[in-house]
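Student: Contents of structure-v5.cif (mmCIF, C-alpha atoms) are given next:
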```cif
data_work
#
loop_
_atom_site.group_PDB
_atom_site.id
_atom_site.type_symbol
_atom_site.label_atom_id
_atom_site.label_comp_id
_atom_site.auth_asym_id
_atom_site.auth_seq_id
_atom_site.Cartn_x
_atom_site.Cartn_y
_atom_site.Cartn_z
ATOM 1 C CA GLN A 1 8.118 3.837 -19.677
ATOM 2 C CA LYS A 2 7.739 4.765 -16.037
ATOM 3 C CA GLU A 3 6.149 2.218 -13.737
ATOM 4 C CA VAL A 4 3.655 4.815 -12.539
ATOM 5 C CA GLU A 5 2.320 7.578 -14.759
ATOM 6 C CA GLN A 6 0.537 10.632 -13.416
ATOM 7 C CA ASP A 7 -0.475 13.772 -15.256
ATOM 8 C CA PRO A 8 1.502 16.578 -13.586
ATOM 9 C CA GLY A 9 -1.109 19.206 -14.387
ATOM 10 C CA PRO A 10 -1.320 21.895 -13.209
ATOM 11 C CA LEU A 11 -5.044 21.580 -12.593
ATOM 12 C CA SER A 12 -7.111 24.601 -11.587
ATOM 13 C CA VAL A 13 -10.805 24.357 -10.650
ATOM 14 C CA PRO A 14 -13.375 26.584 -8.868
ATOM 15 C CA GLU A 15 -14.303 26.004 -5.260
ATOM 16 C CA GLY A 16 -17.023 23.374 -4.863
ATOM 17 C CA ALA A 17 -16.090 21.461 -7.996
ATOM 18 C CA ILE A 18 -15.507 17.704 -8.101
ATOM 19 C CA VAL A 19 -11.871 16.929 -8.792
ATOM 20 C CA SER A 20 -10.627 13.758 -10.417
ATOM 21 C CA LEU A 21 -6.956 12.786 -10.195
ATOM 22 C CA ASN A 22 -5.638 9.698 -11.941
ATOM 23 C CA CYS A 23 -2.662 7.374 -12.247
ATOM 24 C CA THR A 24 -1.880 4.410 -14.426
ATOM 25 C CA TYR A 25 0.696 1.751 -13.723
ATOM 26 C CA SER A 26 2.437 -1.069 -15.543
ATOM 27 C CA ASN A 27 3.584 -3.424 -12.784
ATOM 28 C CA SER A 28 0.958 -6.042 -11.971
ATOM 29 C CA ALA A 29 2.841 -6.889 -8.763
ATOM 30 C CA PHE A 30 1.804 -3.657 -7.066
ATOM 31 C CA GLN A 31 -0.221 -4.621 -4.010
ATOM 32 C CA TYR A 32 -1.145 -1.446 -2.193
ATOM 33 C CA PHE A 33 -2.289 1.874 -3.539
ATOM 34 C CA MET A 34 -2.024 5.207 -1.801
ATOM 35 C CA TRP A 35 -2.595 8.880 -2.282
ATOM 36 C CA TYR A 36 -0.409 11.468 -0.622
ATOM 37 C CA ARG A 37 -1.007 15.196 -0.337
ATOM 38 C CA GLN A 38 1.904 17.592 -0.282
ATOM 39 C CA TYR A 39 1.641 21.256 0.585
ATOM 40 C CA SER A 40 4.290 23.641 -0.669
ATOM 41 C CA ARG A 41 7.664 23.167 1.057
ATOM 42 C CA LYS A 42 6.309 20.355 3.219
ATOM 43 C CA GLY A 43 6.698 16.583 3.220
ATOM 44 C CA PRO A 44 3.983 14.382 1.704
ATOM 45 C CA GLU A 45 1.264 13.167 4.065
ATOM 46 C CA LEU A 46 -0.793 10.018 3.629
ATOM 47 C CA LEU A 47 -4.340 10.753 2.519
ATOM 48 C CA MET A 48 -5.861 7.444 1.413
ATOM 49 C CA TYR A 49 -4.746 3.817 1.420
ATOM 50 C CA THR A 50 -6.304 0.773 -0.206
ATOM 51 C CA TYR A 51 -5.242 -2.664 -1.364
ATOM 52 C CA SER A 52 -8.196 -3.957 -3.311
ATOM 53 C CA SER A 53 -10.141 -3.043 -6.393
ATOM 54 C CA GLY A 54 -13.190 -0.898 -5.765
ATOM 55 C CA ASN A 55 -13.931 2.325 -3.932
ATOM 56 C CA LYS A 56 -12.934 3.602 -0.518
ATOM 57 C CA GLU A 57 -14.442 6.747 0.962
ATOM 58 C CA ASP A 58 -13.155 9.072 3.633
ATOM 59 C CA GLY A 59 -15.178 12.214 4.012
ATOM 60 C CA ARG A 60 -14.949 14.248 0.818
ATOM 61 C CA PHE A 61 -12.319 11.918 -0.627
ATOM 62 C CA THR A 62 -12.887 8.704 -2.590
ATOM 63 C CA ALA A 63 -10.100 6.438 -3.786
ATOM 64 C CA GLN A 64 -10.863 4.086 -6.634
ATOM 65 C CA VAL A 65 -8.734 1.175 -7.837
ATOM 66 C CA ASP A 66 -9.230 -0.839 -11.014
ATOM 67 C CA LYS A 67 -6.560 -3.539 -11.064
ATOM 68 C CA SER A 68 -7.760 -5.032 -14.332
ATOM 69 C CA SER A 69 -7.097 -1.711 -16.086
ATOM 70 C CA LYS A 70 -4.104 -0.803 -13.894
ATOM 71 C CA TYR A 71 -5.740 2.523 -13.096
ATOM 72 C CA ILE A 72 -6.356 4.375 -9.859
ATOM 73 C CA SER A 73 -8.241 7.579 -9.143
ATOM 74 C CA LEU A 74 -8.808 10.039 -6.351
ATOM 75 C CA PHE A 75 -12.017 12.068 -6.282
ATOM 76 C CA ILE A 76 -12.458 15.162 -4.175
ATOM 77 C CA ARG A 77 -16.025 16.358 -3.648
ATOM 78 C CA ASP A 78 -16.970 19.905 -2.667
ATOM 79 C CA SER A 79 -13.377 21.019 -3.182
ATOM 80 C CA GLN A 80 -12.044 23.738 -0.874
ATOM 81 C CA PRO A 81 -9.180 26.236 -1.268
ATOM 82 C CA SER A 82 -7.414 24.303 1.513
ATOM 83 C CA ASP A 83 -7.278 21.311 -0.859
ATOM 84 C CA SER A 84 -4.819 23.217 -3.028
ATOM 85 C CA ALA A 85 -1.678 21.066 -2.980
ATOM 86 C CA THR A 86 0.243 18.522 -4.997
ATOM 87 C CA TYR A 87 -1.301 15.053 -4.960
ATOM 88 C CA LEU A 88 0.912 12.036 -5.460
ATOM 89 C CA CYS A 89 -0.204 8.512 -6.145
ATOM 90 C CA ALA A 90 1.994 5.744 -4.781
ATOM 91 C CA MET A 91 2.080 1.992 -5.155
ATOM 92 C CA LYS A 92 3.799 -0.594 -3.042
ATOM 93 C CA TRP A 93 5.785 -3.600 -4.153
ATOM 94 C CA ASN A 94 8.461 -5.495 -2.272
ATOM 95 C CA GLN A 95 8.568 -3.150 0.727
ATOM 96 C CA LYS A 96 9.078 -0.099 -1.468
ATOM 97 C CA LEU A 97 6.768 2.648 -2.642
ATOM 98 C CA VAL A 98 6.902 3.896 -6.207
ATOM 99 C CA PHE A 99 5.450 7.358 -6.716
ATOM 100 C CA GLY A 100 3.833 9.135 -9.596
ATOM 101 C CA GLN A 101 5.095 12.586 -10.583
ATOM 102 C CA GLY A 102 2.385 14.353 -8.636
ATOM 103 C CA THR A 103 -0.452 16.596 -9.859
ATOM 104 C CA ARG A 104 -0.472 20.210 -8.741
ATOM 105 C CA LEU A 105 -4.033 21.219 -7.872
ATOM 106 C CA THR A 106 -5.349 24.731 -7.235
ATOM 107 C CA ILE A 107 -8.866 25.375 -5.941
ATOM 108 C CA ASN A 108 -9.951 28.920 -6.730
ATOM 109 C CA PRO A 109 -12.314 30.690 -4.258
ATOM 110 C CA ASP B 1 6.099 16.017 11.367
ATOM 111 C CA ALA B 2 5.502 13.857 14.404
ATOM 112 C CA GLY B 3 8.404 11.603 15.336
ATOM 113 C CA ILE B 4 10.718 12.291 12.414
ATOM 114 C CA THR B 5 13.187 15.124 11.957
ATOM 115 C CA GLN B 6 15.646 15.890 9.188
ATOM 116 C CA SER B 7 18.776 17.979 9.488
ATOM 117 C CA PRO B 8 19.877 20.296 8.144
ATOM 118 C CA ARG B 9 16.764 21.860 6.602
ATOM 119 C CA HIS B 10 18.804 23.785 4.056
ATOM 120 C CA LYS B 11 22.359 23.387 2.846
ATOM 121 C CA VAL B 12 24.516 24.923 0.156
ATOM 122 C CA THR B 13 27.708 23.078 -0.661
ATOM 123 C CA GLU B 14 30.410 23.109 -3.287
ATOM 124 C CA THR B 15 30.919 20.568 -6.027
ATOM 125 C CA GLY B 16 33.232 17.773 -4.946
ATOM 126 C CA THR B 17 32.660 18.074 -1.213
ATOM 127 C CA PRO B 18 31.133 15.287 0.895
ATOM 128 C CA VAL B 19 27.752 15.970 2.450
ATOM 129 C CA THR B 20 25.818 14.037 5.088
ATOM 130 C CA LEU B 21 22.111 14.415 5.729
ATOM 131 C CA ARG B 22 20.562 13.064 8.882
ATOM 132 C CA CYS B 23 17.171 11.529 9.555
ATOM 133 C CA HIS B 24 16.145 10.929 13.155
ATOM 134 C CA GLN B 25 12.993 9.144 14.339
ATOM 135 C CA THR B 26 11.455 8.643 17.750
ATOM 136 C CA GLU B 27 8.823 6.101 16.619
ATOM 137 C CA ASN B 28 11.063 3.005 16.739
ATOM 138 C CA HIS B 29 9.905 2.094 13.215
ATOM 139 C CA ARG B 30 11.761 -0.658 11.423
ATOM 140 C CA TYR B 31 11.861 0.813 7.926
ATOM 141 C CA MET B 32 13.535 4.046 6.909
ATOM 142 C CA TYR B 33 13.842 5.512 3.425
ATOM 143 C CA TRP B 34 15.621 8.292 1.592
ATOM 144 C CA TYR B 35 13.932 9.860 -1.428
ATOM 145 C CA ARG B 36 14.816 12.789 -3.627
ATOM 146 C CA GLN B 37 12.193 14.984 -5.242
ATOM 147 C CA ASP B 38 12.810 16.814 -8.495
ATOM 148 C CA PRO B 39 10.474 18.586 -10.925
ATOM 149 C CA GLY B 40 9.213 16.178 -13.553
ATOM 150 C CA HIS B 41 10.384 13.119 -11.643
ATOM 151 C CA GLY B 42 8.340 13.063 -8.480
ATOM 152 C CA LEU B 43 9.805 11.135 -5.559
ATOM 153 C CA ARG B 44 12.531 8.648 -6.369
ATOM 154 C CA LEU B 45 13.963 6.144 -3.919
ATOM 155 C CA ILE B 46 17.684 6.453 -3.197
ATOM 156 C CA HIS B 47 18.269 3.885 -0.442
ATOM 157 C CA TYR B 48 16.251 2.250 2.259
ATOM 158 C CA SER B 49 16.819 0.337 5.474
ATOM 159 C CA TYR B 50 14.853 -2.559 6.927
ATOM 160 C CA GLY B 51 16.775 -2.734 10.196
ATOM 161 C CA VAL B 52 19.968 -1.711 11.935
ATOM 162 C CA LYS B 53 22.850 -2.202 9.509
ATOM 163 C CA ASP B 54 20.444 -3.630 6.903
ATOM 164 C CA THR B 55 20.219 -1.405 3.852
ATOM 165 C CA ASP B 56 19.490 -1.740 0.161
ATOM 166 C CA LYS B 57 19.632 0.368 -2.970
ATOM 167 C CA GLY B 58 16.786 2.164 -4.660
ATOM 168 C CA GLU B 59 16.434 3.310 -8.249
ATOM 169 C CA VAL B 60 18.797 6.316 -8.028
ATOM 170 C CA SER B 61 21.514 5.154 -5.631
ATOM 171 C CA ASP B 62 24.615 6.067 -7.674
ATOM 172 C CA GLY B 63 26.731 8.658 -5.834
ATOM 173 C CA TYR B 64 24.995 8.049 -2.512
ATOM 174 C CA SER B 65 25.712 5.858 0.485
ATOM 175 C CA VAL B 66 23.780 5.279 3.684
ATOM 176 C CA SER B 67 24.351 4.014 7.175
ATOM 177 C CA ARG B 68 22.104 2.949 9.997
ATOM 178 C CA SER B 69 23.969 2.105 13.179
ATOM 179 C CA LYS B 70 20.975 2.768 15.437
ATOM 180 C CA THR B 71 17.243 2.242 14.946
ATOM 181 C CA GLU B 72 16.550 5.949 15.230
ATOM 182 C CA ASP B 73 19.137 7.351 12.819
ATOM 183 C CA PHE B 74 19.526 6.944 9.067
ATOM 184 C CA LEU B 75 22.306 8.910 7.411
ATOM 185 C CA LEU B 76 22.578 9.742 3.724
ATOM 186 C CA THR B 77 26.035 10.673 2.415
ATOM 187 C CA LEU B 78 26.905 12.223 -0.899
ATOM 188 C CA GLU B 79 30.493 11.104 -1.325
ATOM 189 C CA SER B 80 31.437 13.909 -3.729
ATOM 190 C CA ALA B 81 28.553 16.261 -4.394
ATOM 191 C CA THR B 82 27.661 17.158 -7.990
ATOM 192 C CA SER B 83 25.262 19.750 -9.373
ATOM 193 C CA SER B 84 22.913 16.942 -10.467
ATOM 194 C CA GLN B 85 22.391 16.147 -6.787
ATOM 195 C CA THR B 86 20.803 19.523 -6.162
ATOM 196 C CA SER B 87 17.382 18.460 -4.957
ATOM 197 C CA VAL B 88 14.979 18.217 -2.050
ATOM 198 C CA TYR B 89 15.685 15.119 0.021
ATOM 199 C CA PHE B 90 12.984 13.448 2.067
ATOM 200 C CA CYS B 91 13.320 10.816 4.716
ATOM 201 C CA ALA B 92 10.394 8.520 5.479
ATOM 202 C CA ILE B 93 9.666 5.938 8.135
ATOM 203 C CA SER B 94 7.324 2.973 8.269
ATOM 204 C CA GLU B 95 6.620 0.245 10.769
ATOM 205 C CA SER B 96 5.366 -2.386 8.355
ATOM 206 C CA GLY B 97 6.499 -1.049 5.007
ATOM 207 C CA ASP B 98 3.000 0.191 4.214
ATOM 208 C CA GLY B 99 1.996 3.792 4.925
ATOM 209 C CA TYR B 100 4.985 6.085 5.217
ATOM 210 C CA THR B 101 5.476 9.154 7.390
ATOM 211 C CA PHE B 102 7.693 11.749 5.773
ATOM 212 C CA GLY B 103 9.984 14.318 7.264
ATOM 213 C CA SER B 104 9.924 17.979 6.278
ATOM 214 C CA GLY B 105 12.762 17.620 3.802
ATOM 215 C CA THR B 106 16.276 18.962 3.287
ATOM 216 C CA ARG B 107 16.811 21.414 0.469
ATOM 217 C CA LEU B 108 20.327 20.838 -0.890
ATOM 218 C CA THR B 109 22.024 23.096 -3.408
ATOM 219 C CA VAL B 110 25.356 22.094 -4.954
ATOM 220 C CA VAL B 111 27.188 25.012 -6.550
#
```
Would it be possible to restate this file's structure as structure tokens?
Tutor:
Amino acid sequence: QKEVEQDPGPLSVPEGAIVSLNCTYSNSAFQYFMWYRQYSRKGPELLMYTYSSGNKEDGRFTAQVDKSSKYISLFIRDSQPSDSATYLCAMKWNQKLVFGQGTRLTINP
Amino acid sequence: DAGITQSPRHKVTETGTPVTLRCHQTENHRYMYWYRQDPGHGLRLIHYSYGVKDTDKGEVSDGYSVSRSKTEDFLLTLESATSSQTSVYFCAISESGDGYTFGSGTRLTVV
């Protein structure tokens, strides 16, 4: 079993829809939780970062962490075609990040 | 990608040859990482460095070595390239080991 599980998709939704991306994990030692966005043929870029259970908002993006269930989510409101990318969850333990497989998301105009 | 460059961007090499990929940063960050990205596997850590001449293995380190003789440079060497090492390689930097900044990647093909 992988330490971090993420549905690879692909996920395709119409413009304006609410998108929900999810990851589960098995290692209770994970301390920090992140979401990265990766455009085609580019490096991942940090989108959201949190270290506690609960919600964190940044514009149209909300990151949610539930440590008791070992489950994290990223919500995108009012999705735009420019949000089309691969989204990777990542979790930190012992100075290292462990990544999920990434979910490929397409927002259709 | 501000402050971090990878070279080369693309490389084709033959099985059995040594290959070195370079990561250069101008941010003076302490931590540097090498990941490989493959379909179905996401990003997997190869090696990382927490200071000059201080390195450690990641989950997929077999067949790879690294060196960091200066803060700004982190080299990844494939001692004898194999087809299974065909991948996209990403370097990342971090000051505190938290949020990473990634380079643009090196696309390596071993034929």
Student: Take the PyMOL selection byres ((chain A) within 9 of (chain B)), apply it to the structure above, and return the hits as a list in words.
Tutor: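 Checked against the file, the PyMOL selection byres ((chain A) within 9 of (chain B)) matches Pro8, Tyr32, Met34, Arg41, Lys42, Gly43, Pro44, Glu45, Leu46, Tyr49, Leu88, Lys92, Asn94, Gln95, Lys96, Leu97, Val98, Phe99, Gly100, Gln101 and Gly102 of chain A.
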Student: Need the shell around region 7-18 of chain B: protein/DNA/RNA residues with any atom at most 7 Å away, counting only C-alpha atoms. Skip same-chain ones fewer than 6 positions apart. Format as a list of chain:residue names?
Tutor: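 Those residues are B:Leu78, B:Glu79, B:Ser80, B:Ala81, B:Thr82, B:Ser83, B:Gly105, B:Thr106, B:Arg107, B:Leu108, B:Thr109, B:Val110, B:Val111.
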Student: Which residue out of A:Pro14, A:Gly54, A:Pro109, A:Gly9 has the minimum interatomic distance to Ile72 (chain A) when all atoms listed in the file are used?
Tutor: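 Checking each candidate against Ile72 (chain A), we get A:Gly54 as the closest.
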Student: Please expand the PyMOL selection byres ((chain A and resi 29) around 10) into the concrete residues it hits in this file, giving the result as a count of residues only.
Tutor: 10
Student: If I take CA of Phe74 (chain B) and CA of Tyr51 (chain A), how far is one from the other in Å, to one decimal?
Tutor: 28.5 Å
Student: Output as lines of an AutoDock Vina configuration file the centre and edge lengths (Å, one decimal) of the box along x, y and z of the file that holds every listed atom of region 32-49 of chain A after adding 8 Å on each side.
Tutor:
```
center_x = 0.9
center_y = 11.1
center_z = 0.3
size_x = 29.5
size_y = 41.1
size_z = 23.6
```
Student: Work out how far apart CA of Leu47 (chain A) and CA of Ile93 (chain B) are and give it in Å to one decimal.
Tutor: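 Going from CA of Leu47 (chain A) over to CA of Ile93 (chain B), I get 15.8 Å.
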Student: Enumerate, as number ranges by chain, the protein, DNA and RNA residues whose atoms approach (-5.1, 9.3, -9.7) to within 6 Å, taking into account only C-alpha atoms and the coordinate frame of the file.
Tutor: A: 21-23, 72-74
Student: Give the answer as one residue: which of A:Thr106, A:Ser53, A:Ser69, A:Thr62 has the shortest atom-to-atom distance to Thr86 (chain A), using only C-alpha atoms?
Tutor: A:Thr106
Student: Please write the residues picked by the PyMOL selection byres ((chain B and resi 47) around 9) on this file as a PyMOL selection string.
Tutor: chain B and resi 32-35+45-46+48-49+55-61+64-66+76
Student: I'd like the interatomic distance between CA of Ala85 (chain A) and CA of Ser87 (chain B), to a tenth of an Å.
Tutor: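 Separation of CA of Ala85 (chain A) and CA of Ser87 (chain B): 19.3 Å.
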Student: Between A:Thr103, A:Ser52, A:Asp7, A:Gln38, which residue has the minimum interatomic distance to Ser68 (chain A), considering all atoms listed in the file?
Tutor: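 The answer is A:Ser52, which sits nearest to Ser68 (chain A).
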Student: Can you tell me, as a PyMOL selection string, which residues sit within 12 Å of (20.8, 7.5, 14.0) in the file's frame, using all atoms listed in the file?
Tutor: chain B and resi 4-7+21-26+28+32+49+51-53+66-76
